[in-house]
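S.K.: Have a look at this one.
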Amino acid sequence: MRLRCGDQLYEPRLGAHPERDGVVLGEQTLKVSVEPLGDGVFLVRHDGRAQALHLARERDHVHLFWDGVVYTLSEEREGSPHAQRPDAAALEAPMPGQVSAVKTAPGRRVRKGEELLVVEAMKMENALRAPRDGTVRAVRVAVGEMVTPGRPLVELEP
Amino acid sequence: MSSPVRPLRKVLVANRGEIAVRILRTCRVLGIPTVAVYSEADRGARHVREADQAVEIGPAEPAQSYLSITALIDAARRTSADSVHPGYGFLSQNGDFADAVSAAGLVFVGPPGDVHRRMGDKRAARRLMASAGVPVLPGYDGADQQDATLRAEAARIGFPLMLKPTRGGGGKGMRVVTGEGELADALASARREALSAFGDDALLLERYVSRPRHVEVQVLADAHGRVIQLGERECSVQRRHQKVVEEAPSPALDATQREALHAAALGAARAVGYINAGTVEFLLAPDGRFHFLEMNTRLQVEHPVTEAVTGLDLVRLQLEVAAGRPLALAQHDVVRVGHALECRLYAEDPQRDDLPSPGRVLHLREPEGPGVRVDSGLCQGAEVSVHYDPLLSKIVTWGHDRDEAVARMIEALRRTVVLGVATNLPRLRAIVGHPAFARGELHTGFIEQHLAELTPQSCPPPLAIAALAMALARTSRDARGPERERRPDAWERVGAWRLGDAPAEER
């Protein structure tokens with residue numbers, strides 16, 4: 001099992017009897033028991049204490065609520081290639097929205113942090129900035145278009 | 001002015017989300033039948049389910065649904081509603097909408113069109129307030145918008161100063177100018193932005209107040225000449241001109257300042273001939289002086305903190321005033337007890353620079369308990385659409401004093417769970433848990449000032465990972481096991497289920 005949180009990768013290992021032997025996580029072995037309470041809630045017992053874990057899954061994402069905080073992890077399948085890292089050659093839409101301005105054009109030199117596009121979502125205008133210095137190879141969206149997360153919007157060459 | 005009493009028999013709520021749900025609640029308590037309106041994107045939304053009737057008014061784009069005067073009035077006609085509550089946002093401060101509702105023979109729950117127009121023009125509102133003796137900042141609100149005039153006025157006001165579009169709001173087109181050298185560029189860009197956002201490039205100049213607090217006074221006026229105030233709220237904790245945490249009363253005022261502020265608000269409401277519930281906003285400078293900012297001619301998002309300390313139902317009072325009843329309350333009947341806080345839960349991710357975060361709510365738990373109120377538009381499975389405001393719900397706590405309200409808020413936020421849509425919940429917890437917040441040291445730059453501490457980095461601790469691994473292993477084992485051992489876990493039930501659709505096939 002491989003779970004990613006930002007740059008951090010967790011690879012918890014469970015034996016045949018994890019309730020008895022514990023979960024191995026890096027150098028640690030943690031003895032926990034979990035009891036499903038239904039509706040995505042689990043009662044977790046550890047070291048004589050009990051607390052709730054809330055859990056919801058969506059495609060390859062796992063959302064959890066633990067000790068008052070929400071975390072989102074991505075699940076990487078065993079043996080699958082590494083989760084796709086952001087494509088360094090393209091600026092992608094970080095969230096769904098509508099393109100309200102295009103502030104660059106093919107062939108233009110851009111500096112890291114320069115505003116390239118504005119995407120409007122939930123009544124807010126969000127500036128999308130160049131992730132690094134480079135030259136714009138292509139602009140793949142036009143004003144007024146709806147975009148979805150992960151879609152490449154501007155291609156950069158070094 | 002006096003009008004006959006006309007009891008409301010059916011209210012159409014021309015809004016969506018938490019405020020529509022909140023208005024419907026009061027109507028139910030009063031036994032008034034309700035009509036909800038919804039766009040295609042909101043077919044399964046909570047406000048649609050909670051109304052007696054619901055009418056689809058158009059596609060997801062607000063311009064063709066929640067902002068369409070024709071569609072809304074048509075919906076009221078078709079359902080025989082006799083009144084329209086506009087909520088906040090959308091058309092709530094649109095004088096033409098108020099007029100169109102009245103012209104259609106319906107009651108508009110809010111002030112008449114000309115009051116909206118008088119307060120919607122920032123220069124006119126400022127002139128009116130100044131003439132009524134309400135303190136305004138040194139500034140220029142004239143019609144002559146030539147560069148030379150504005151340059152001369154800027155020199156007279158002094159730097160730093162603010163440029164504000166005379167129309168509109170939400171911080172759009174506003175510029176802080178720190179010196180004469182920046183003025184020409186700032187004028188050009190502020191005009192451009194004002195023109196594209198509001199169709200009018202006229203600007204207002206005002207002296208810039210550094211580290212101000214935002215305080216505002218709730219006023220209420222009937223159609224028979226009685227005007228009262230329900231005390232102030234402080235809304236200094238903001239991000240990009242968007243309020244995040246509000247409270248009542250303000251921890252910044254002493255009794256003398258409070259009395260002066262309330263009197264100024266009453267003067268403002270009388271000067272404009274106000275009717276119904278409204279809010280007069282002020283900037284409170286670090287030296288303790290306050291100045292008129294603007295008047296909101298509608299119910300405010302943060303009205304629940306006023307309700308919590310006064311025990312009054314503002315929507316009920318709005319409906320009674322709209323029906324033409326004289327206010328049953330005199331000023332001395334308004335008694336404020338204790339302290340209330342409100343936290344706005346937004347679909348915004350503080351770890352990604354507050355990026356909006358639409359999506360589906362996969363799992364939801366809202367807090368409850370003594371002194372806790374939640375005004376929410378959420379339900380499990382709800383789709384948070386990219387087309388609308390990111391405000392999801394408001395968590396309100398009341399305490400005998402501020403410390404108790406804060407303690408209850410910390411606990412309420414700890415118990416709030418939203419999975420599937422990233423929210424500002426960690427930011428809210430960090431704000432109300434911050435020592436400067438506990439001391440009441442607030443100003444409109446509070447979040448920027450403490451940003452690093454208010455942006456918790458989060459990856460789960462090892463114990464959570466171990467528990468998660470056990471839970472995931474258990475789920476996949478159960479999923480492979482005999483049917484009777486299967487547990488109805490959230491994602492299996494939610495799965496590909498969409499609001500309004502039949503449950504998806506079991507996978």
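We name chains A, B, ... following the order of the structure tokens; residues begin at 1 in each chain, and ligands are numbered from 1 as shown.
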I'd like the neighbourhood of Gly278 (chain B) as JSON, numbers by chain, where a residue qualifies if any of its atoms comes within 12 Å (using only C-alpha atoms), though same-chain residues fewer than 6 positions away should be ignored.

M.R.: {"B": [87, 88, 92, 93, 109, 110, 111, 115, 116, 119, 216, 217, 218, 219, 220, 221, 222, 227, 228, 229, 230, 231, 232, 265, 266, 268, 269, 270, 272, 294, 295, 296, 297, 298, 299, 300, 301, 302, 303, 314, 315, 317, 318]}

S.K.: What are the residues of chain B that have an atom within 7 Å of an atom of chain A, counting only C-alpha atoms, as a ChimeraX atom specification?

M.R.: /B:356-357,362-363,386-390,414-415,417,419-420,426,458-460,463-464,466-467,469-471,487-491

S.K.: Kindly save the residues from that selection, with C-alpha atoms included, as an mmCIF file, in the first residue's frame.

M.R.:
data_model
loop_
_atom_site.group_PDB
_atom_site.id
_atom_site.type_symbol
_atom_site.label_atom_id
_atom_site.label_comp_id
_atom_site.auth_asym_id
_atom_site.auth_seq_id
_atom_site.Cartn_x
_atom_site.Cartn_y
_atom_site.Cartn_z
ATOM 1 C CA PRO B 356 -11.441 27.636 -4.677
ATOM 2 C CA SER B 357 -12.167 23.966 -4.295
ATOM 3 C CA LEU B 362 -18.455 12.742 0.333
ATOM 4 C CA HIS B 363 -18.800 12.815 4.074
ATOM 5 C CA VAL B 386 -17.801 26.215 -9.610
ATOM 6 C CA HIS B 387 -20.523 28.735 -10.515
ATOM 7 C CA TYR B 388 -21.337 30.031 -7.060
ATOM 8 C CA ASP B 389 -19.884 31.637 -3.986
ATOM 9 C CA PRO B 390 -17.539 29.335 -2.012
ATOM 10 C CA ARG B 414 -12.832 20.284 15.991
ATOM 11 C CA ARG B 415 -16.064 18.407 15.515
ATOM 12 C CA VAL B 417 -15.892 17.133 9.273
ATOM 13 C CA LEU B 419 -14.488 15.239 3.280
ATOM 14 C CA GLY B 420 -14.278 15.486 -0.497
ATOM 15 C CA PRO B 426 -7.685 24.382 9.399
ATOM 16 C CA SER B 458 -0.571 18.886 7.028
ATOM 17 C CA CYS B 459 0.425 15.344 6.517
ATOM 18 C CA PRO B 460 -1.078 12.832 8.906
ATOM 19 C CA LEU B 463 -0.771 6.573 13.967
ATOM 20 C CA ALA B 464 -3.364 7.949 11.515
ATOM 21 C CA ALA B 466 -1.506 2.934 10.498
ATOM 22 C CA ALA B 467 -5.210 3.243 11.320
ATOM 23 C CA ALA B 469 -4.029 1.205 6.417
ATOM 24 C CA MET B 470 -5.996 -1.089 8.730
ATOM 25 C CA ALA B 471 -9.288 0.481 7.696
ATOM 26 C CA ARG B 487 -20.387 -3.040 5.852
ATOM 27 C CA PRO B 488 -22.163 -0.102 4.255
ATOM 28 C CA ASP B 489 -19.142 2.170 4.196
ATOM 29 C CA ALA B 490 -19.494 5.718 3.066
ATOM 30 C CA TRP B 491 -17.758 5.549 -0.286
#

S.K.: So which residues touch region 134-146 of chain A within 6 Å, counting only C-alpha atoms, skipping near sequence neighbours fewer than 2 positions away, as a PyMOL selection string?

M.R.: chain A and resi 97-101+106-110+153-158

S.K.: Would you put the residues from that selection into a file with N, CA and C atoms, as a PDB file, in the first residue's frame?

M.R.:
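So result-v4.pdb came out as:
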ATOM      1  N   GLY A  97     -12.869  25.718 -13.659  1.00  0.00           N
ATOM      2  CA  GLY A  97     -13.217  27.127 -13.721  1.00  0.00           C
ATOM      3  C   GLY A  97     -13.304  27.582 -15.163  1.00  0.00           C
ATOM      4  N   GLN A  98     -13.493  28.876 -15.308  1.00  0.00           N
ATOM      5  CA  GLN A  98     -13.637  29.457 -16.634  1.00  0.00           C
ATOM      6  C   GLN A  98     -12.495  30.448 -16.866  1.00  0.00           C
ATOM      7  N   VAL A  99     -11.838  30.327 -18.024  1.00  0.00           N
ATOM      8  CA  VAL A  99     -10.718  31.218 -18.330  1.00  0.00           C
ATOM      9  C   VAL A  99     -11.265  32.623 -18.572  1.00  0.00           C
ATOM     10  N   SER A 100     -10.813  33.591 -17.769  1.00  0.00           N
ATOM     11  CA  SER A 100     -11.335  34.947 -17.961  1.00  0.00           C
ATOM     12  C   SER A 100     -10.298  35.871 -18.583  1.00  0.00           C
ATOM     13  N   ALA A 101      -9.030  35.469 -18.641  1.00  0.00           N
ATOM     14  CA  ALA A 101      -8.027  36.278 -19.344  1.00  0.00           C
ATOM     15  C   ALA A 101      -6.836  35.410 -19.716  1.00  0.00           C
ATOM     16  N   PRO A 106       2.244  32.494 -27.623  1.00  0.00           N
ATOM     17  CA  PRO A 106       3.346  31.631 -28.035  1.00  0.00           C
ATOM     18  C   PRO A 106       4.579  32.457 -28.412  1.00  0.00           C
ATOM     19  N   GLY A 107       5.745  31.962 -28.027  1.00  0.00           N
ATOM     20  CA  GLY A 107       6.991  32.639 -28.354  1.00  0.00           C
ATOM     21  C   GLY A 107       7.442  33.621 -27.295  1.00  0.00           C
ATOM     22  N   ARG A 108       6.557  33.944 -26.363  1.00  0.00           N
ATOM     23  CA  ARG A 108       6.884  34.942 -25.337  1.00  0.00           C
ATOM     24  C   ARG A 108       7.791  34.335 -24.259  1.00  0.00           C
ATOM     25  N   ARG A 109       8.841  35.071 -23.877  1.00  0.00           N
ATOM     26  CA  ARG A 109       9.695  34.660 -22.745  1.00  0.00           C
ATOM     27  C   ARG A 109       8.951  35.000 -21.455  1.00  0.00           C
ATOM     28  N   VAL A 110       8.898  34.079 -20.522  1.00  0.00           N
ATOM     29  CA  VAL A 110       8.237  34.394 -19.252  1.00  0.00           C
ATOM     30  C   VAL A 110       9.172  34.089 -18.094  1.00  0.00           C
ATOM     31  N   LEU A 153      -2.718  23.903 -19.944  1.00  0.00           N
ATOM     32  CA  LEU A 153      -3.256  25.155 -20.476  1.00  0.00           C
ATOM     33  C   LEU A 153      -2.205  25.906 -21.282  1.00  0.00           C
ATOM     34  N   VAL A 154      -0.995  25.945 -20.740  1.00  0.00           N
ATOM     35  CA  VAL A 154       0.092  26.646 -21.419  1.00  0.00           C
ATOM     36  C   VAL A 154       1.297  25.715 -21.428  1.00  0.00           C
ATOM     37  N   GLU A 155       1.902  25.523 -22.616  1.00  0.00           N
ATOM     38  CA  GLU A 155       3.111  24.695 -22.691  1.00  0.00           C
ATOM     39  C   GLU A 155       4.329  25.588 -22.688  1.00  0.00           C
ATOM     40  N   LEU A 156       5.312  25.175 -21.909  1.00  0.00           N
ATOM     41  CA  LEU A 156       6.559  25.950 -21.811  1.00  0.00           C
ATOM     42  C   LEU A 156       7.697  25.114 -22.356  1.00  0.00           C
ATOM     43  N   GLU A 157       8.645  25.760 -23.048  1.00  0.00           N
ATOM     44  CA  GLU A 157       9.888  25.061 -23.334  1.00  0.00           C
ATOM     45  C   GLU A 157      10.998  25.759 -22.560  1.00  0.00           C
ATOM     46  N   PRO A 158      12.061  25.055 -22.295  1.00  0.00           N
ATOM     47  CA  PRO A 158      13.081  25.603 -21.381  1.00  0.00           C
ATOM     48  C   PRO A 158      13.675  26.918 -21.881  1.00  0.00           C
TER      49      PRO A 158
END

S.K.: Run DSSP on the backbone of this structure and report the residues of region 5-109 of chain A it assigns to alpha helix (DSSP H), as an NGL selection string.

M.R.: :A and (18-21)

S.K.: Fewer than 3 positions away in the same chain doesn't count, so skip those; otherwise give me all residues within 12 Å of Glu404 (chain B), counting only C-alpha atoms, as a list in words.

M.R.: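 The contact residues come out as Gly338, His339, Ala340, Leu341, Pro370, Gly371, Val372, Thr397, Trp398, Gly399, His400, Asp401, Ala407, Arg408, Met409, Ile410, Glu411, Val432 and Ala438 of chain B.
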
S.K.: Within 7 Å of Gln145 (chain B), counting only C-alpha atoms, which residues show up once you throw out same-chain ones fewer than 4 positions away? Write them as a VMD selection string, please.

M.R.: chain B and resid 149 to 150 202

S.K.: For the strand (DSSP E) assignment from backbone DSSP, which residues of region 294-459 of chain B qualify? Please present them as a VMD selection string.

M.R.: chain B and resid 294 to 296 339 to 346 348 to 349 355 to 356 359 to 360 363 to 365 372 to 376 383 to 384 391 to 399 417 to 419

S.K.: May I have the residues within 6 Å of Tyr346 (chain B) as JSON, numbers by chain, using only C-alpha atoms and disregarding those fewer than 2 positions away in the same chain?

M.R.: {"B": [348, 390, 391, 392, 423, 424]}

S.K.: Store the residues of this selection in a file with N, CA and C atoms, as a short mmCIF file (atom, residue, chain, number, x, y, z; two decimals), in the first residue's frame.

M.R.:
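Below is the file that was written, out-v5.cif:
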data_model
loop_
_atom_site.label_atom_id
_atom_site.label_comp_id
_atom_site.auth_asym_id
_atom_site.auth_seq_id
_atom_site.Cartn_x
_atom_site.Cartn_y
_atom_site.Cartn_z
N GLU B 348 -12.38 26.59 0.12
CA GLU B 348 -11.11 27.17 -0.31
C GLU B 348 -10.01 26.45 0.43
N PRO B 390 -18.10 30.49 -2.72
CA PRO B 390 -17.54 29.34 -2.01
C PRO B 390 -18.02 29.17 -0.57
N LEU B 391 -18.92 30.03 -0.10
CA LEU B 391 -19.40 29.90 1.29
C LEU B 391 -20.28 28.65 1.43
N LEU B 392 -19.88 27.74 2.30
CA LEU B 392 -20.61 26.49 2.47
C LEU B 392 -21.54 26.54 3.67
N THR B 423 -11.58 22.61 2.48
CA THR B 423 -12.19 23.80 3.10
C THR B 423 -11.13 24.56 3.90
N ASN B 424 -11.53 25.74 4.34
CA ASN B 424 -10.64 26.57 5.16
C ASN B 424 -10.71 26.19 6.64
#

S.K.: Give me, please, the distance in Å between CA of Val309 (chain B) and CA of Ile395 (chain B), quoted to one decimal.

M.R.: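 The value is 14.8 Å.
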
S.K.: CA of Glu441 (chain B) and CA of Pro251 (chain B) are how many Å apart?

M.R.: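 Computed distance, CA of Glu441 (chain B) to CA of Pro251 (chain B), equals 8.6 Å.
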
S.K.: Can you work out which one of A:Ala89, A:Leu9, A:Val147, A:Leu128 has the shortest atom-to-atom distance to Arg352 (chain B), counting only C-alpha atoms?

M.R.: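 Smallest distance to Arg352 (chain B) is found for A:Leu128.
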